[in-house]
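Heads up, structure10.csv below (CSV, C-alpha atoms):
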```csv
chain,number,residue,atom,x,y,z
W,1,MET,CA,3.6,6.9,8.8
W,2,LEU,CA,6.9,6.9,7.0
W,3,MET,CA,8.3,4.3,9.3
W,4,ARG,CA,5.6,1.6,9.1
W,5,GLY,CA,3.1,2.9,6.5
W,6,GLY,CA,-0.3,4.6,6.7
W,7,SER,CA,-1.8,7.8,5.6
W,8,ALA,CA,-1.5,11.4,6.6
W,9,LYS,CA,-2.8,14.8,5.5
W,10,ILE,CA,-0.3,17.2,4.2
W,11,TYR,CA,-0.3,20.8,2.9
W,12,GLY,CA,0.5,21.4,-0.7
W,13,CYS,CA,1.0,24.6,-2.6
W,14,ASP,CA,-1.4,25.7,-5.3
W,15,THR,CA,1.4,27.3,-7.4
W,16,MET,CA,5.1,26.6,-7.6
W,17,ASP,CA,6.2,30.2,-6.8
W,18,LEU,CA,4.0,31.9,-4.3
W,19,CYS,CA,1.9,29.2,-2.6
W,20,LEU,CA,-0.8,31.7,-1.6
W,21,GLY,CA,-3.6,29.2,-1.5
W,22,PRO,CA,-2.3,26.0,0.1
W,23,THR,CA,-4.5,22.9,-0.2
W,24,VAL,CA,-4.8,19.8,2.0
W,25,GLY,CA,-4.1,16.5,0.5
W,26,THR,CA,-3.7,12.9,1.6
W,27,VAL,CA,-0.6,10.8,1.2
W,28,ASN,CA,-0.7,7.0,1.5
W,29,ILE,CA,2.3,4.8,2.1
W,30,SER,CA,1.9,1.1,2.0
W,31,SER,CA,3.6,-1.1,4.6
W,32,ASP,CA,5.7,-2.5,1.8
W,33,ALA,CA,7.0,0.9,1.0
W,34,ALA,CA,7.6,2.0,4.6
W,35,LEU,CA,11.1,2.7,5.8
W,36,VAL,CA,11.4,-0.2,8.2
W,37,THR,CA,10.4,-2.7,5.5
W,38,GLN,CA,12.8,-1.1,3.1
W,39,VAL,CA,15.6,-1.4,5.7
W,40,ARG,CA,14.8,-5.0,6.3
W,41,ASN,CA,14.7,-5.8,2.6
W,42,LEU,CA,18.0,-4.1,2.0
W,43,MET,CA,19.7,-5.9,4.9
W,44,LEU,CA,18.4,-9.3,3.6
W,45,SER,CA,19.6,-8.4,0.1
W,46,ILE,CA,23.0,-7.4,1.3
W,47,ASP,CA,23.3,-10.6,3.4
W,48,SER,CA,22.4,-12.8,0.4
W,49,LYS,CA,25.0,-11.0,-1.7
W,50,LEU,CA,27.6,-11.6,1.0
W,51,THR,CA,26.7,-15.3,0.9
W,52,ALA,CA,26.9,-15.4,-2.9
W,53,ASP,CA,29.9,-13.1,-3.0
W,54,THR,CA,28.3,-10.8,-5.5
W,55,GLY,CA,28.5,-7.0,-5.8
W,56,LEU,CA,26.2,-4.6,-4.1
W,57,THR,CA,23.8,-2.3,-6.0
W,58,ASP,CA,24.2,1.5,-5.8
W,59,ARG,CA,21.1,1.6,-3.6
W,60,GLU,CA,22.6,-0.9,-1.2
W,61,LYS,CA,25.9,1.0,-1.1
W,62,GLY,CA,23.9,4.2,-0.4
W,63,PHE,CA,22.1,2.5,2.4
W,64,ILE,CA,25.3,1.4,4.0
W,65,ASN,CA,26.8,4.9,3.7
W,66,THR,CA,23.6,6.6,4.9
W,67,THR,CA,23.2,5.0,8.3
W,68,SER,CA,25.5,5.5,11.3
W,69,VAL,CA,25.0,1.9,12.2
W,70,PRO,CA,27.8,-0.3,10.8
W,71,VAL,CA,25.4,-2.7,9.1
W,72,LEU,CA,27.9,-4.2,6.7
W,73,LYS,CA,30.3,-5.0,9.6
W,74,TYR,CA,27.5,-6.7,11.5
W,75,LEU,CA,26.3,-8.7,8.5
W,76,THR,CA,29.9,-9.7,7.5
W,77,ASN,CA,30.7,-10.8,11.1
W,78,SER,CA,27.5,-12.9,11.3
W,79,ARG,CA,28.3,-14.5,7.9
W,80,SER,CA,31.9,-15.3,8.8
W,81,MET,CA,30.6,-17.1,11.9
W,82,GLY,CA,27.8,-18.9,10.1
W,83,MET,CA,25.1,-17.1,12.0
W,84,SER,CA,21.8,-15.8,10.6
W,85,PRO,CA,21.4,-12.1,10.3
W,86,THR,CA,18.0,-12.3,12.1
W,87,TYR,CA,19.4,-10.4,15.1
W,88,LEU,CA,20.0,-7.4,12.9
W,89,LEU,CA,16.5,-7.6,11.5
W,90,GLN,CA,15.3,-7.0,15.0
W,91,VAL,CA,17.0,-3.6,15.1
W,92,ALA,CA,15.7,-2.6,11.6
W,93,ASP,CA,13.4,-0.2,13.5
W,94,PHE,CA,16.4,1.5,15.1
W,95,ILE,CA,18.3,1.8,11.8
W,96,ALA,CA,15.2,3.2,10.1
W,97,GLN,CA,14.8,5.7,13.0
W,98,ASP,CA,18.5,6.7,12.6
W,99,MET,CA,18.0,7.4,8.9
W,100,MET,CA,14.8,9.3,9.6
W,101,ILE,CA,16.4,11.5,12.2
W,102,GLN,CA,19.3,12.3,9.9
W,103,TYR,CA,16.8,13.1,7.1
W,104,LEU,CA,14.8,15.4,9.4
W,105,GLN,CA,17.9,17.1,10.7
W,106,GLU,CA,18.9,17.9,7.2
W,107,LEU,CA,15.4,19.3,6.4
W,108,VAL,CA,15.5,21.5,9.6
W,109,LYS,CA,19.0,22.7,8.7
W,110,GLN,CA,17.8,23.7,5.2
W,111,ALA,CA,14.8,25.5,6.7
W,112,SER,CA,17.0,27.4,9.1
W,113,GLN,CA,19.4,28.4,6.3
W,114,SER,CA,16.5,29.5,4.1
W,115,LEU,CA,15.2,31.7,6.9
W,116,ALA,CA,18.6,33.4,7.1
W,117,GLY,CA,18.5,34.4,3.5
W,118,LYS,CA,14.9,35.9,3.4
W,119,ASN,CA,13.5,39.1,4.6
W,120,TYR,CA,10.3,38.1,6.4
W,121,PRO,CA,8.3,40.4,8.6
W,122,GLU,CA,9.7,40.3,12.2
W,123,GLN,CA,6.7,38.6,13.8
W,124,ALA,CA,6.6,35.9,11.1
W,125,ALA,CA,10.3,35.4,11.2
W,126,GLY,CA,10.3,35.1,15.0
W,127,GLU,CA,7.6,32.4,14.8
W,128,LEU,CA,9.5,30.6,12.1
W,129,ARG,CA,12.7,30.7,14.1
W,130,GLY,CA,10.8,29.4,17.1
W,131,ASN,CA,9.4,26.6,15.1
W,132,VAL,CA,12.9,25.7,13.8
W,133,LEU,CA,14.3,25.7,17.4
W,134,ASN,CA,11.4,23.5,18.5
W,135,ALA,CA,12.0,21.1,15.7
W,136,GLN,CA,15.7,21.0,16.6
W,137,SER,CA,14.9,20.3,20.2
W,138,LEU,CA,12.4,17.5,19.3
W,139,LEU,CA,15.1,15.9,17.1
W,140,ALA,CA,17.6,16.1,19.9
W,141,GLN,CA,15.2,14.3,22.2
W,142,MET,CA,14.6,11.6,19.5
W,143,LYS,CA,18.3,11.2,19.2
W,144,LEU,CA,18.6,10.7,23.0
W,145,GLN,CA,15.8,8.2,23.1
W,146,SER,CA,17.6,6.2,20.4
W,147,ALA,CA,20.7,6.1,22.5
W,148,ALA,CA,19.3,3.1,24.4
W,149,ASP,CA,18.9,1.3,21.0
W,150,GLN,CA,22.5,2.2,20.2
W,151,ASN,CA,23.6,0.7,23.5
W,152,ALA,CA,21.8,-2.5,22.5
W,153,LEU,CA,23.7,-2.5,19.2
W,154,ASP,CA,27.0,-1.9,21.0
W,155,GLY,CA,26.1,-4.9,23.2
W,156,ILE,CA,25.5,-7.0,20.0
W,157,ASP,CA,28.9,-5.8,18.7
W,158,ARG,CA,30.7,-6.8,21.9
W,159,ASN,CA,29.0,-10.3,21.8
W,160,MET,CA,30.1,-10.7,18.2
W,161,GLN,CA,33.7,-9.8,19.0
W,162,TYR,CA,33.6,-12.3,21.9
W,163,LEU,CA,32.3,-15.0,19.6
W,164,GLN,CA,34.9,-14.2,17.0
W,165,GLN,CA,37.6,-14.5,19.6
W,166,GLN,CA,36.2,-17.8,20.8
W,167,VAL,CA,36.1,-19.2,17.2
W,168,SER,CA,39.6,-17.9,16.5
W,169,THR,CA,40.9,-19.6,19.6
W,170,ILE,CA,39.2,-22.9,18.7
W,171,ILE,CA,40.5,-22.8,15.1
W,172,SER,CA,44.0,-21.9,16.3
W,173,THR,CA,44.0,-24.7,18.8
W,174,SER,CA,42.8,-27.2,16.2
W,175,TYR,CA,45.4,-26.0,13.7
W,176,GLN,CA,48.2,-26.4,16.3
W,177,SER,CA,47.0,-29.9,17.2
W,178,ASN,CA,46.9,-30.9,13.5
W,179,TYR,CA,50.3,-29.4,12.9
W,180,ARG,CA,51.8,-31.4,15.9
W,181,TRP,CA,50.1,-34.6,14.7
W,182,GLY,CA,51.4,-34.0,11.1
W,183,ASN,CA,55.0,-33.5,12.4
W,184,GLY,CA,54.9,-36.6,14.6
W,185,ASN,CA,54.2,-38.9,11.7
W,186,ASP,CA,57.0,-37.7,9.4
```
Spell out the structure here as structure tokens.
Amino acid sequence: MLMRGGSAKIYGCDTMDLCLGPTVGTVNISSDAALVTQVRNLMLSIDSKLTADTGLTDREKGFINTTSVPVLKYLTNSRSMGMSPTYLLQVADFIAQDMMIQYLQELVKQASQSLAGKNYPEQAAGELRGNVLNAQSLLAQMKLQSAADQNALDGIDRNMQYLQQQVSTIISTSYQSNYRWGNGND
């Protein structure tokens, strides 16, 4: 739902302090507000600012610093070679998933830390600890599944480096030819 939009039922507390009578509510997220769409829009915005040579917003800087994917490097490399960033838009799902996993890991970490500081009845504490361990295990599995996507990104990076090397060689050869031609006419 967070990734592509949709609706889900969630539990909410009836009061801010005790939450003795939780209620069920519905949360709706439009596809325009979904994480994958937000990632795509941010990448397109950053790319257009690279083209126009203008500064990034705090939100764009935060996005770059949040994901473990070197988005700015990929966008800069594609721009320097005159390529469209569309190949990166294809991996917006992976970038959004990476951000979601990081967010969920932080939530699970906070839940685990809050368990340590509270004196719950043993049975309830045991169930809560079991749920935290289960969540950590599921997140680890999600991270492993996304390793294949990371390998694809690494392949894109290798291809970009190869193309940069080819362009550099062509420019260097052309420069050397022009330099020799210029010296021959003196």
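Each of W:Thr76, W:Gly130, W:Leu2, W:Asp154 was compared to W:Leu104 using all atoms listed in the file, and W:Leu2 turns out to be the nearest.
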Would you pick out the contacts of W:Leu88 at 10 Å or less, using only C-alpha atoms, so that residues sharing its chain but fewer than 2 positions from it are not included, and give the list as a short mmCIF file (atom, residue, chain, number, x, y, z; two decimals) with C-alpha atoms, in the coordinates of the input?
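Dumped to part21.cif:
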```
data_model
loop_
_atom_site.label_atom_id
_atom_site.label_comp_id
_atom_site.auth_asym_id
_atom_site.auth_seq_id
_atom_site.Cartn_x
_atom_site.Cartn_y
_atom_site.Cartn_z
CA ARG W 40 14.80 -5.00 6.30
CA MET W 43 19.70 -5.90 4.90
CA LEU W 44 18.40 -9.30 3.60
CA VAL W 71 25.40 -2.70 9.10
CA TYR W 74 27.50 -6.70 11.50
CA LEU W 75 26.30 -8.70 8.50
CA SER W 78 27.50 -12.90 11.30
CA SER W 84 21.80 -15.80 10.60
CA PRO W 85 21.40 -12.10 10.30
CA THR W 86 18.00 -12.30 12.10
CA GLN W 90 15.30 -7.00 15.00
CA VAL W 91 17.00 -3.60 15.10
CA ALA W 92 15.70 -2.60 11.60
CA ASP W 93 13.40 -0.20 13.50
CA PHE W 94 16.40 1.50 15.10
CA ILE W 95 18.30 1.80 11.80
CA LEU W 153 23.70 -2.50 19.20
CA ILE W 156 25.50 -7.00 20.00
#
```
Revision key, fill the gap. Judged by all atoms listed in the file, the minimum distance to W:Gln164 among W:Ser80, W:Thr23, W:Ser30, W:Asn151 is found for W:Ser80
Review point. For the atom pair atom CA of W:Tyr120 and atom CA of W:Leu18, what is the interatomic distance in Å to one decimal place?
Key: 13.9 Å
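With distances restricted to all atoms listed in the file, W:Gln150 is the closest residue to W:Gln97 from W:Gln150, W:Gln123, W:Gln161, W:Thr26.
Note that atom CA of W:Ala96 and atom CA of W:Asp157 are 18.5 Å apart.
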Check your understanding: Can you list, as an MDAnalysis selection string, every protein, DNA or RNA residue that comes within 12 Å of W:Ala116 when you count all atoms listed in the file, leaving out same-chain residues fewer than 3 positions away?
Key -> chainID W and resid 109:113 119:120 125:126 128:129 132
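Atom CA of W:Tyr11 is positioned 10.1 Å from atom CA of W:Val27.
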**Study point:** Neighbour list for stretch 56-60 of chain W as a ChimeraX atom specification, cut-off 7 Å, only C-alpha atoms, skip fewer than 3 positions in-chain
**Key:** /W:42,46,49,63-64
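For the choices W:Leu50, W:Val69, W:Leu35, W:Ile170, the atom-to-atom distance to W:Arg4 is smallest for W:Leu35 when using all atoms listed in the file.
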Exercise for review: Would you please work out which residue, of W:Leu89, W:Leu20, W:Ala124, W:Met83, is nearest to W:Met160 when using only C-alpha atoms?
Suggested key: W:Met83
**Study point:** Shell around W:Val24 at 7 Å using all atoms listed in the file, local window under 5 positions removed, as number ranges by chain
**Key:** W: 9-12
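Counting all atoms listed in the file, the residue from W:Leu107, W:Met81, W:Ile29, W:Leu115 that sits nearest to W:Ile171 is W:Met81.
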